[in-house]
$ cat query05.cif   # mmCIF, C-alpha atoms and all ligand atoms
data_final
loop_
_atom_site.label_atom_id
_atom_site.label_comp_id
_atom_site.auth_asym_id
_atom_site.auth_seq_id
_atom_site.Cartn_x
_atom_site.Cartn_y
_atom_site.Cartn_z
CA VAL A 1134 0.00 0.00 0.00
CA LYS A 1135 2.84 2.35 0.88
CA ILE A 1136 4.46 1.77 -2.49
CA ALA A 1137 1.18 2.31 -4.29
CA LEU A 1138 0.56 5.53 -2.40
CA PHE A 1139 4.08 6.68 -3.11
CA SER A 1140 3.60 5.94 -6.81
CA VAL A 1141 0.41 7.96 -6.86
CA LEU A 1142 2.18 10.82 -5.12
CA LEU A 1143 5.08 10.65 -7.54
CA LEU A 1144 2.77 10.53 -10.51
CA THR A 1145 0.82 13.53 -9.20
CA LEU A 1146 4.08 15.40 -8.75
CA LEU A 1147 5.19 14.53 -12.26
CA ILE A 1148 1.91 15.72 -13.70
CA THR A 1149 1.64 18.92 -11.70
CA LEU A 1150 5.25 20.14 -11.77
CA PRO A 1151 5.76 22.71 -14.50
CA LEU A 1152 8.66 20.77 -15.97
CA SER A 1153 9.00 23.04 -18.94
CA ALA A 1154 9.47 26.15 -16.81
CA CYS A 1155 13.21 25.64 -16.52
CA GLU A 1156 13.71 24.08 -19.91
CA GLN A 1157 14.81 27.22 -21.64
CA LEU A 1158 17.44 27.85 -24.27
CA VAL A 1159 19.42 31.05 -23.75
CA VAL A 1160 21.63 32.37 -26.53
CA HIS A 1161 24.11 35.13 -25.69
CA PHE A 1162 25.61 37.05 -28.60
CA LEU A 1163 28.55 38.57 -26.75
CA ASP A 1164 29.69 42.06 -27.61
CA VAL A 1165 33.28 41.39 -28.60
CA GLY A 1166 33.53 44.23 -31.08
CA GLN A 1167 34.52 43.28 -34.63
CA ALA A 1168 34.51 39.54 -33.83
CA ASP A 1169 32.21 36.64 -32.89
CA SER A 1170 31.49 34.88 -29.62
CA ILE A 1171 28.21 33.15 -28.86
CA LEU A 1172 27.33 31.28 -25.68
CA LEU A 1173 24.43 28.83 -25.64
CA GLU A 1174 22.93 27.61 -22.37
CA LEU A 1175 21.07 24.57 -23.59
CA PRO A 1176 17.71 23.49 -22.12
CA ASP A 1177 19.22 20.18 -20.97
CA GLY A 1178 21.75 22.02 -18.79
CA GLN A 1179 24.72 21.65 -21.13
CA ASN A 1180 26.70 24.65 -22.39
CA LEU A 1181 28.05 25.36 -25.84
CA LEU A 1182 30.42 28.10 -27.00
CA ILE A 1183 30.92 29.21 -30.58
CA ASP A 1184 34.11 31.28 -31.00
CA ALA A 1185 35.67 33.55 -28.37
CA GLY A 1186 36.39 36.87 -30.06
CA ASN A 1187 39.85 38.33 -30.60
CA ARG A 1188 42.82 37.44 -28.41
CA ALA A 1189 42.22 40.60 -26.35
CA ASP A 1190 38.64 39.45 -25.65
CA GLY A 1191 39.76 36.30 -23.81
CA ASP A 1192 39.27 37.82 -20.34
CA LEU A 1193 35.88 39.28 -21.22
CA VAL A 1194 34.58 35.99 -22.61
CA VAL A 1195 35.92 33.92 -19.68
CA ASP A 1196 34.50 36.38 -17.11
CA TYR A 1197 31.12 36.48 -18.83
CA ILE A 1198 30.81 32.69 -18.83
CA LYS A 1199 31.98 32.42 -15.20
CA ALA A 1200 29.46 35.08 -14.15
CA ARG A 1201 26.74 32.74 -15.44
CA GLY A 1202 27.93 30.15 -12.93
CA ILE A 1203 29.29 27.94 -15.68
CA ASN A 1204 32.49 25.98 -15.16
CA ARG A 1205 32.12 23.36 -17.86
CA LEU A 1206 31.69 23.90 -21.61
CA ASP A 1207 30.29 20.68 -23.03
CA TYR A 1208 30.89 21.82 -26.60
CA VAL A 1209 33.33 24.39 -27.95
CA ILE A 1210 33.41 25.33 -31.62
CA GLY A 1211 36.12 27.33 -33.34
CA THR A 1212 34.35 28.20 -36.59
CA HIS A 1213 37.55 28.93 -38.56
CA PRO A 1214 41.15 29.94 -37.76
CA HIS A 1215 40.80 33.75 -38.12
CA GLU A 1216 41.82 35.69 -35.02
CA ASP A 1217 38.46 37.43 -34.56
CA HIS A 1218 36.93 33.99 -33.96
CA ILE A 1219 39.55 31.82 -32.26
CA GLY A 1220 41.60 34.63 -30.64
CA GLY A 1221 40.14 34.18 -27.15
CA LEU A 1222 39.77 30.39 -27.36
CA ALA A 1223 43.16 29.49 -25.84
CA GLN A 1224 42.20 31.34 -22.68
CA VAL A 1225 38.73 29.76 -22.65
CA ILE A 1226 40.15 26.26 -23.02
CA HIS A 1227 42.64 27.02 -20.27
CA SER A 1228 39.89 28.28 -17.93
CA PHE A 1229 37.09 25.70 -18.22
CA ASP A 1230 36.47 22.00 -18.17
CA ILE A 1231 36.02 21.26 -21.88
CA GLY A 1232 33.88 18.48 -23.33
CA ARG A 1233 34.16 18.22 -27.10
CA PHE A 1234 36.14 20.70 -29.19
CA TYR A 1235 35.32 21.15 -32.88
CA MET A 1236 37.16 22.95 -35.68
CA PRO A 1237 37.11 22.57 -39.46
CA ARG A 1238 40.01 20.54 -40.90
CA VAL A 1239 42.12 23.46 -42.09
CA ILE A 1240 45.30 24.98 -40.74
CA HIS A 1241 46.58 28.52 -40.60
CA THR A 1242 50.09 29.80 -40.02
CA SER A 1243 49.26 32.52 -37.51
CA LYS A 1244 50.69 32.81 -34.01
CA THR A 1245 47.14 32.84 -32.59
CA PHE A 1246 46.33 29.55 -34.28
CA GLU A 1247 49.60 27.92 -33.21
CA ASP A 1248 49.11 29.07 -29.60
CA LEU A 1249 45.62 27.59 -29.59
CA LEU A 1250 46.96 24.24 -30.79
CA ILE A 1251 49.55 24.26 -27.99
CA VAL A 1252 46.93 24.89 -25.28
CA VAL A 1253 44.66 22.24 -26.78
CA LYS A 1254 47.52 19.72 -26.72
CA ASP A 1255 48.57 20.70 -23.17
CA GLN A 1256 45.05 20.10 -21.92
CA GLY A 1257 44.91 16.71 -23.62
CA ILE A 1258 41.98 17.75 -25.80
CA LYS A 1259 41.35 16.04 -29.12
CA ILE A 1260 40.11 18.23 -31.97
CA LYS A 1261 37.00 16.84 -33.62
CA THR A 1262 36.30 17.76 -37.22
CA ALA A 1263 33.51 20.22 -37.87
CA ARG A 1264 31.92 19.48 -41.22
CA ALA A 1265 28.48 18.97 -42.74
CA GLY A 1266 26.82 15.81 -41.46
CA VAL A 1267 28.49 15.79 -38.03
CA ASN A 1268 25.94 15.53 -35.21
CA LEU A 1269 26.55 17.07 -31.80
CA ILE A 1270 23.18 16.56 -30.12
CA GLU A 1271 20.31 14.37 -31.17
CA GLN A 1272 17.50 14.42 -28.64
CA ASP A 1273 13.78 14.42 -29.14
CA GLN A 1274 13.38 18.19 -28.70
CA LEU A 1275 16.96 19.37 -29.08
CA LYS A 1276 19.19 18.85 -32.07
CA ALA A 1277 22.52 20.35 -33.08
CA TYR A 1278 24.53 19.52 -36.18
CA PHE A 1279 26.89 21.07 -38.70
CA LEU A 1280 25.65 22.11 -42.14
CA SER A 1281 28.98 23.43 -43.41
CA PRO A 1282 31.75 23.07 -44.53
CA VAL A 1283 30.39 20.74 -47.18
CA ARG A 1284 33.47 20.18 -49.36
CA ASP A 1285 37.01 18.96 -48.58
CA HIS A 1286 38.73 22.06 -49.83
CA TYR A 1287 38.19 25.81 -50.01
CA ASP A 1288 40.67 28.51 -51.03
CA ASN A 1289 39.27 31.13 -48.67
CA LEU A 1290 39.49 30.54 -44.89
CA ASN A 1291 36.05 32.13 -44.36
CA HIS A 1292 34.52 29.45 -46.56
CA TRP A 1293 35.75 26.80 -44.13
CA SER A 1294 33.52 28.24 -41.37
CA ALA A 1295 31.68 25.66 -39.31
CA VAL A 1296 27.94 26.38 -39.49
CA LEU A 1297 25.86 25.07 -36.60
CA GLN A 1298 22.17 24.36 -36.98
CA LEU A 1299 20.34 24.24 -33.66
CA ILE A 1300 16.73 23.11 -33.40
CA TYR A 1301 14.84 23.37 -30.13
CA GLY A 1302 11.21 22.25 -30.33
CA ASN A 1303 9.63 24.38 -33.03
CA THR A 1304 12.34 27.04 -32.99
CA SER A 1305 15.51 27.11 -35.09
CA PHE A 1306 18.83 28.94 -34.94
CA LEU A 1307 21.60 29.14 -37.51
CA PHE A 1308 25.14 30.18 -36.56
CA THR A 1309 27.04 30.92 -39.72
CA GLY A 1310 30.54 32.04 -38.70
CA ASP A 1311 32.07 33.95 -41.62
CA THR A 1312 30.43 31.92 -44.38
CA GLU A 1313 29.80 33.62 -47.69
CA SER A 1314 27.42 33.23 -50.63
CA ILE A 1315 29.15 30.06 -51.91
CA ASN A 1316 28.45 28.32 -48.60
CA GLU A 1317 24.87 29.57 -48.49
CA PHE A 1318 24.34 28.09 -51.93
CA GLU A 1319 25.92 24.78 -50.89
CA MET A 1320 23.83 24.52 -47.73
CA LEU A 1321 20.62 25.05 -49.68
CA THR A 1322 21.49 22.74 -52.56
CA LEU A 1323 23.85 20.02 -51.31
CA SER A 1324 22.70 19.37 -47.77
CA SER A 1325 20.43 16.44 -47.00
CA LYS A 1326 18.96 18.45 -44.14
CA ARG A 1327 16.89 21.59 -44.44
CA THR A 1328 18.65 24.82 -43.48
CA GLN A 1329 16.37 26.78 -41.16
CA ALA A 1330 16.65 29.89 -39.04
CA ASP A 1331 13.98 31.64 -37.04
CA VAL A 1332 17.04 33.44 -35.70
CA LEU A 1333 19.95 33.94 -38.10
CA LYS A 1334 23.44 34.87 -36.93
CA VAL A 1335 24.30 36.87 -40.04
CA GLY A 1336 27.38 35.60 -41.87
CA HIS A 1337 30.70 37.45 -41.87
CA HIS A 1338 29.69 40.43 -39.69
CA GLY A 1339 27.11 41.63 -42.24
CA SER A 1340 29.53 41.75 -45.17
CA ASP A 1341 27.92 41.94 -48.63
CA SER A 1342 29.74 38.72 -49.52
CA SER A 1343 27.06 36.92 -47.51
CA THR A 1344 23.32 36.90 -46.72
CA THR A 1345 22.14 36.64 -50.32
CA GLU A 1346 18.62 37.34 -51.48
CA HIS A 1347 18.27 33.63 -52.27
CA PHE A 1348 19.38 32.58 -48.78
CA LEU A 1349 17.02 35.00 -47.01
CA LYS A 1350 14.12 33.85 -49.15
CA ALA A 1351 14.79 30.20 -48.29
CA LEU A 1352 15.22 30.87 -44.56
CA ASN A 1353 12.27 33.23 -44.03
CA SER A 1354 13.82 34.26 -40.69
CA SER A 1355 12.07 36.36 -38.07
CA TYR A 1356 15.21 37.74 -36.44
CA ALA A 1357 18.83 38.32 -37.32
CA VAL A 1358 21.80 39.22 -35.17
CA ILE A 1359 24.92 40.90 -36.54
CA SER A 1360 28.08 40.63 -34.48
CA VAL A 1361 30.07 43.67 -35.48
CA GLY A 1362 32.33 46.41 -34.07
CA LYS A 1363 31.54 50.10 -33.99
CA ASP A 1364 33.29 52.10 -36.77
CA ASN A 1365 35.14 49.04 -38.06
CA PRO A 1366 37.46 49.57 -41.06
CA TYR A 1367 35.57 47.07 -43.24
CA GLY A 1368 32.33 49.03 -43.44
CA HIS A 1369 30.44 46.11 -41.84
CA PRO A 1370 27.54 45.67 -41.81
CA SER A 1371 26.96 46.47 -45.46
CA PRO A 1372 23.97 48.76 -46.12
CA VAL A 1373 23.02 46.36 -48.93
CA VAL A 1374 22.68 43.50 -46.44
CA LEU A 1375 20.75 45.65 -43.96
CA LYS A 1376 18.33 46.64 -46.71
CA ARG A 1377 17.96 43.02 -47.83
CA LEU A 1378 17.14 41.94 -44.28
CA GLN A 1379 14.62 44.74 -43.96
CA GLU A 1380 12.97 43.87 -47.26
CA HIS A 1381 12.54 40.31 -46.05
CA GLY A 1382 10.90 41.54 -42.86
CA VAL A 1383 13.72 40.27 -40.65
CA VAL A 1384 14.04 42.19 -37.37
CA THR A 1385 17.77 42.80 -37.06
CA PHE A 1386 19.85 43.44 -33.94
CA ARG A 1387 23.49 44.55 -33.89
CA THR A 1388 26.03 44.15 -31.13
CA ASP A 1389 27.67 47.49 -32.04
CA GLU A 1390 24.39 49.22 -31.20
CA LEU A 1391 23.09 47.07 -28.37
CA GLY A 1392 26.09 45.44 -26.72
CA THR A 1393 25.60 41.82 -25.73
CA ILE A 1394 22.29 40.49 -27.02
CA LYS A 1395 20.36 37.77 -25.24
CA CYS A 1396 17.73 35.62 -26.84
CA TYR A 1397 15.46 33.01 -25.27
CA SER A 1398 13.47 30.08 -26.59
CA ASP A 1399 11.07 27.81 -24.73
CA GLY A 1400 10.81 25.59 -27.79
CA GLU A 1401 7.74 27.44 -29.03
CA LYS A 1402 8.40 31.15 -28.78
CA ILE A 1403 11.50 33.27 -29.23
CA ARG A 1404 12.06 36.33 -27.11
CA PHE A 1405 14.82 38.95 -26.86
CA ASP A 1406 15.72 41.11 -23.87
CA LYS A 1407 14.24 44.58 -23.97
CA ALA A 1408 16.32 46.55 -21.57
CA VAL A 1409 18.79 44.69 -19.42
CA GLU A 1410 21.93 45.80 -17.72
CA GLU A 1411 24.16 42.94 -16.79
CA GLU A 1412 27.85 42.44 -16.19
CA GLY A 1413 28.40 46.05 -17.10
CA LEU A 1414 27.12 45.52 -20.62
CA VAL A 1415 24.09 47.43 -21.71
CA ASN A 1416 21.53 45.45 -23.64
CA ARG A 1417 19.31 47.85 -25.44
CA LEU A 1418 17.08 47.09 -28.33
CA SER A 1419 16.35 49.95 -30.66
CA THR A 1420 13.80 48.06 -32.71
CA PRO A 1421 10.51 46.95 -31.18
CA ILE A 1422 10.12 43.16 -31.26
CA SER A 1423 6.40 43.05 -31.63
CA THR A 1424 5.51 45.47 -34.37
CA GLY A 1425 1.85 44.53 -34.23
CA THR A 1426 0.34 44.94 -37.62
CA GLY A 1427 1.27 47.85 -39.80
CA VAL A 1428 -1.25 46.97 -42.47
CA GLU A 1429 -3.49 49.86 -43.48
CA ILE A 1430 -5.90 51.03 -46.12
CA THR A 1431 -4.06 53.74 -48.01
CA LEU A 1432 -6.68 54.52 -50.64
CA VAL A 1433 -10.35 53.98 -51.32
CA ASP A 1434 -11.15 55.24 -54.79
CA LEU A 1435 -14.92 55.26 -54.73
CA LYS A 1436 -15.20 56.28 -58.36
CA GLY A 1437 -12.49 54.01 -59.74
CA GLU A 1438 -13.73 51.16 -57.52
CA THR A 1439 -10.34 50.31 -56.07
CA VAL A 1440 -9.05 49.92 -52.53
CA VAL A 1441 -5.32 49.85 -51.84
CA ILE A 1442 -4.01 48.04 -48.76
CA LYS A 1443 -0.40 48.53 -47.76
CA ASN A 1444 1.91 46.78 -45.31
CA ASN A 1445 3.88 49.49 -43.52
CA SER A 1446 5.41 47.10 -41.00
CA ASN A 1447 8.90 45.68 -41.37
CA LYS A 1448 7.52 42.13 -41.49
CA LYS A 1449 5.81 40.11 -44.13
CA GLU A 1450 2.13 39.83 -43.18
CA ASP A 1451 -0.20 36.95 -43.85
CA ILE A 1452 -3.58 38.52 -44.63
CA SER A 1453 -5.32 35.25 -45.51
CA GLY A 1454 -8.83 35.30 -44.10
CA TRP A 1455 -8.78 39.09 -43.55
CA LYS A 1456 -11.98 40.90 -44.46
CA LEU A 1457 -12.57 44.11 -46.38
CA VAL A 1458 -16.02 45.54 -45.71
CA SER A 1459 -18.07 48.10 -47.54
CA VAL A 1460 -19.96 49.53 -44.56
CA LYS A 1461 -22.92 51.14 -46.34
CA GLY A 1462 -23.37 48.33 -48.85
CA GLU A 1463 -22.95 45.71 -46.11
CA GLN A 1464 -20.81 43.63 -48.41
CA SER A 1465 -17.50 42.01 -47.59
CA PHE A 1466 -14.56 40.46 -49.35
CA ILE A 1467 -12.41 37.80 -47.68
CA PHE A 1468 -8.77 37.54 -48.75
CA PRO A 1469 -8.05 34.03 -50.02
CA ALA A 1470 -5.68 31.64 -48.26
CA GLY A 1471 -2.07 32.28 -49.15
CA THR A 1472 -2.42 36.06 -49.50
CA PHE A 1473 0.80 37.62 -48.23
CA LEU A 1474 1.96 41.21 -48.13
CA GLU A 1475 5.72 41.72 -48.11
CA SER A 1476 7.03 44.58 -46.00
CA GLY A 1477 6.30 47.83 -47.84
CA ALA A 1478 4.17 46.12 -50.47
CA SER A 1479 0.58 46.95 -51.37
CA ILE A 1480 -2.30 45.08 -52.89
CA THR A 1481 -5.29 46.50 -54.73
CA VAL A 1482 -8.79 45.12 -54.43
CA ALA A 1483 -10.69 46.01 -57.57
CA THR A 1484 -14.43 45.99 -58.15
CA GLY A 1485 -16.82 47.04 -60.90
CA ARG A 1486 -17.16 46.16 -64.52
CA LYS A 1487 -13.75 47.55 -65.50
CA ALA A 1488 -11.82 45.62 -62.82
CA LYS A 1489 -8.75 43.94 -64.26
CA ALA A 1490 -6.62 41.35 -62.45
CA GLY A 1491 -2.87 41.88 -62.22
CA PRO A 1492 0.15 40.81 -60.21
CA ARG A 1493 -0.87 43.00 -57.28
CA VAL A 1494 -4.56 43.30 -58.01
CA ILE A 1495 -7.29 41.04 -56.73
CA ILE A 1496 -10.78 41.17 -58.19
CA TRP A 1497 -13.53 41.14 -55.62
CA THR A 1498 -16.52 41.31 -57.91
CA LYS A 1499 -17.53 42.76 -61.26
CA ALA A 1500 -20.41 44.49 -59.47
CA TYR A 1501 -20.06 48.10 -58.26
CA ILE A 1502 -19.40 48.15 -54.52
CA TRP A 1503 -18.37 51.65 -53.55
CA ASN A 1504 -20.77 53.55 -55.81
CA ASN A 1505 -19.02 56.90 -55.40
CA ASP A 1506 -21.18 57.92 -52.44
CA GLY A 1507 -18.83 58.13 -49.47
CA ASP A 1508 -19.03 54.50 -48.43
CA PRO A 1509 -16.52 53.84 -45.61
CA ALA A 1510 -14.23 50.83 -45.88
CA GLN A 1511 -13.25 48.65 -42.95
CA LEU A 1512 -10.47 46.09 -42.71
CA TYR A 1513 -10.67 43.20 -40.24
CA ASP A 1514 -7.96 40.63 -39.50
CA ASP A 1515 -8.60 36.89 -39.49
CA GLN A 1516 -9.62 37.06 -35.81
CA GLY A 1517 -12.37 39.52 -36.67
CA LYS A 1518 -10.50 42.43 -35.07
CA LEU A 1519 -10.94 45.81 -36.74
CA VAL A 1520 -7.56 46.83 -38.14
CA GLU A 1521 -8.56 50.06 -39.84
CA GLU A 1522 -11.45 52.16 -40.99
CA TYR A 1523 -11.22 54.48 -43.99
CA TYR A 1524 -13.71 57.26 -44.72
ZN ZN B 1 35.14 37.18 -38.69
#

$ encode --input "query05.cif" --output "structure tokens" --more "lines below"
Ligand SMILES: [Zn+2]
Amino acid sequence: VKIALFSVLLLTLLITLPLSACEQLVVHFLDVGQADSILLELPDGQNLLIDAGNRADGDLVVDYIKARGINRLDYVIGTHPHEDHIGGLAQVIHSFDIGRFYMPRVIHTSKTFEDLLIVVKDQGIKIKTARAGVNLIEQDQLKAYFLSPVRDHYDNLNHWSAVLQLIYGNTSFLFTGDTESINEFEMLTLSSKRTQADVLKVGHHGSDSSTTEHFLKALNSSYAVISVGKDNPYGHPSPVVLKRLQEHGVVTFRTDELGTIKCYSDGEKIRFDKAVEEEGLVNRLSTPISTGTGVEITLVDLKGETVVIKNNSNKKEDISGWKLVSVKGEQSFIFPAGTFLESGASITVATGRKAKAGPRVIIWTKAYIWNNDGDPAQLYDDQGKLVEEYY
């Protein structure tokens, strides 16, 4: 009886405890100036570090990790041998208990790289090869694997960058190192696994060699983070890349503007810090996360029988199931499934006998709806909420 009672108690506990409350993924994009360093506190309690900034950032990176109460890094990744990525790694490896250490199979003749190899050897750590197809974590809800490098040889060190794909529940993260367009193309075309990124760590500090139109279209990301130094001599991030991100409705955060950026996932939703001061670094987001809807009616031409609806938000909006209502005529048009409005784009709803379909024109009806008599138009979203009224 005691055992049975205990089992019931245990079962009740298991059912009632909010087990998911602590199962959170935290991603820290450390402000290491013109360099990369990303710390991941995984929901299963393990820790993963991608790069450690320049050599001079070693202290900062080590202190930041220690301040989180971490003394073991289960996975450490050196994306490629450039100093702005592996510079601080020797100090990190010296300071923590290291699990598995990954780097792409390429060498470099710099002092920084040689020093790293010495520390790695001194600590008795074996370097595992980072390349497409290598799995780090394969759990039900948590997966981590490399998508790049794909080939056995590249002429440019940046192209060797280890790219980590992390999937937690329904959320995805892509950490791209300094990959460029060639790698983006390879990931999309040669990989057996789908490349996905709700959150994209933008390749090569926002250089225009990366983050192609094609890549952004395939990823359909919600957020991007650019790790970049203030007033750097390379002109990173490129205005072309920033514009591309904006056109694809990707909310973009930069370490040169915000300092260290923290991002959270519970496996369903992704959240960024709004205003946090921690470890002396100011986390400040200049762009609102939730933009709400910026869709509005910009024109009702009662005589021409056209209504123009524009998306003024910086995100692509799905207006499937939205309703346009002619108030006086008590008639309504429902936008068909699959109707999307890119950021900044407009769509025209045409009515009347002269209505002609086009790439951005939808025909409601050949009947006259607005009748040139001051009929107000209303726009409702798919939940039936009034978005806008136009007189
Ligand atoms: Zn770099």

$ residues_around --input "query05.cif" --residues "Ile1240 of chain A" --least-positions-apart "6" --cutoff "9 Å" --atoms "only C-alpha atoms" --output "number ranges by chain"
A: 1213-1214, 1246

$ residues_near_ligand --input "query05.cif" --ligand "ligand ZN 1 (chain B)" --cutoff "10 Å" --atoms "all atoms listed in the file" --output "count of residues only"
26

$ residues_near_point --input "query05.cif" --point "(-6.1, 37.0, -38.6)" --cutoff "8 Å" --atoms "only C-alpha atoms" --output "list in words"
Asp1451, Ile1452, Ser1453, Gly1454, Trp1455, Tyr1513, Asp1514, Asp1515, Gln1516, Gly1517 and Lys1518 of chain A

$ write_last_selection --input "query05.cif" --atoms "C-alpha atoms" --output "PDB file, in the coordinates of the input"
ATOM      1  CA  ASP A1451      -0.200  36.950 -43.850  1.00  0.00           C
ATOM      2  CA  ILE A1452      -3.580  38.520 -44.630  1.00  0.00           C
ATOM      3  CA  SER A1453      -5.320  35.250 -45.510  1.00  0.00           C
ATOM      4  CA  GLY A1454      -8.830  35.300 -44.100  1.00  0.00           C
ATOM      5  CA  TRP A1455      -8.780  39.090 -43.550  1.00  0.00           C
ATOM      6  CA  TYR A1513     -10.670  43.200 -40.240  1.00  0.00           C
ATOM      7  CA  ASP A1514      -7.960  40.630 -39.500  1.00  0.00           C
ATOM      8  CA  ASP A1515      -8.600  36.890 -39.490  1.00  0.00           C
ATOM      9  CA  GLN A1516      -9.620  37.060 -35.810  1.00  0.00           C
ATOM     10  CA  GLY A1517     -12.370  39.520 -36.670  1.00  0.00           C
ATOM     11  CA  LYS A1518     -10.500  42.430 -35.070  1.00  0.00           C
TER      12      LYS A1518
END

$ residues_around --input "query05.cif" --residues "Glu1317 of chain A" --least-positions-apart "2" --cutoff "8 Å" --atoms "all atoms listed in the file" --output "PyMOL selection string"
chain A and resi 1312-1315+1319-1321+1343-1345+1348

$ atom_distance --input "query05.cif" --atom1 "atom CA of Leu1333 of chain A" --atom2 "atom CA of Lys1199 of chain A"
25.9 Å

$ residues_around --input "query05.cif" --residues "Asp1331 of chain A" --least-positions-apart "4" --cutoff "8 Å" --atoms "all atoms listed in the file" --output "list in words"
Thr1304, Ser1305, Phe1306, Leu1352, Asn1353, Ser1354, Ser1355 and Tyr1356 of chain A

$ residues_around --input "query05.cif" --residues "Ile1495 of chain A" --least-positions-apart "3" --cutoff "7 Å" --atoms "only C-alpha atoms" --output "ChimeraX atom specification"
/A:1481-1483,1490

$ atom_distance --input "query05.cif" --atom1 "atom CA of Leu1290 of chain A" --atom2 "atom CA of Thr1393 of chain A"
26.2 Å

$ atom_distance --input "query05.cif" --atom1 "atom CA of Trp1503 of chain A" --atom2 "atom CA of Asn1445 of chain A"
24.5 Å

$ decode --input "query05.cif" --residues "segment 1462-1475 of chain A" --atoms "N, CA and C atoms" --output "mmCIF file, in the first residue's frame"
data_model
loop_
_atom_site.group_PDB
_atom_site.id
_atom_site.type_symbol
_atom_site.label_atom_id
_atom_site.label_comp_id
_atom_site.auth_asym_id
_atom_site.auth_seq_id
_atom_site.Cartn_x
_atom_site.Cartn_y
_atom_site.Cartn_z
ATOM 1 N N GLY A 1462 -22.808 49.397 -48.008
ATOM 2 C CA GLY A 1462 -23.375 48.334 -48.847
ATOM 3 C C GLY A 1462 -23.514 47.005 -48.112
ATOM 4 N N GLU A 1463 -22.934 46.944 -46.887
ATOM 5 C CA GLU A 1463 -22.954 45.709 -46.108
ATOM 6 C C GLU A 1463 -22.470 44.503 -46.908
ATOM 7 N N GLN A 1464 -21.389 44.739 -47.654
ATOM 8 C CA GLN A 1464 -20.810 43.632 -48.408
ATOM 9 C C GLN A 1464 -19.375 43.438 -47.953
ATOM 10 N N SER A 1465 -18.875 42.215 -48.024
ATOM 11 C CA SER A 1465 -17.499 42.008 -47.586
ATOM 12 C C SER A 1465 -16.743 41.059 -48.508
ATOM 13 N N PHE A 1466 -15.452 41.300 -48.548
ATOM 14 C CA PHE A 1466 -14.557 40.464 -49.348
ATOM 15 C C PHE A 1466 -13.545 39.817 -48.414
ATOM 16 N N ILE A 1467 -13.377 38.499 -48.523
ATOM 17 C CA ILE A 1467 -12.405 37.803 -47.677
ATOM 18 C C ILE A 1467 -11.182 37.435 -48.511
ATOM 19 N N PHE A 1468 -10.000 37.840 -48.019
ATOM 20 C CA PHE A 1468 -8.771 37.543 -48.750
ATOM 21 C C PHE A 1468 -8.519 36.043 -48.751
ATOM 22 N N PRO A 1469 -8.229 35.489 -49.922
ATOM 23 C CA PRO A 1469 -8.052 34.033 -50.017
ATOM 24 C C PRO A 1469 -6.814 33.536 -49.268
ATOM 25 N N ALA A 1470 -6.818 32.253 -48.928
ATOM 26 C CA ALA A 1470 -5.675 31.640 -48.257
ATOM 27 C C ALA A 1470 -4.421 31.831 -49.100
ATOM 28 N N GLY A 1471 -3.337 32.109 -48.448
ATOM 29 C CA GLY A 1471 -2.068 32.279 -49.152
ATOM 30 C C GLY A 1471 -1.851 33.697 -49.637
ATOM 31 N N THR A 1472 -2.642 34.664 -49.126
ATOM 32 C CA THR A 1472 -2.415 36.062 -49.503
ATOM 33 C C THR A 1472 -1.419 36.685 -48.524
ATOM 34 N N PHE A 1473 -0.243 37.029 -49.054
ATOM 35 C CA PHE A 1473 0.802 37.620 -48.230
ATOM 36 C C PHE A 1473 1.121 39.022 -48.710
ATOM 37 N N LEU A 1474 1.504 39.866 -47.776
ATOM 38 C CA LEU A 1474 1.963 41.210 -48.129
ATOM 39 C C LEU A 1474 3.381 41.361 -47.610
ATOM 40 N N GLU A 1475 4.338 41.490 -48.523
ATOM 41 C CA GLU A 1475 5.717 41.724 -48.115
ATOM 42 C C GLU A 1475 5.786 43.088 -47.440
#
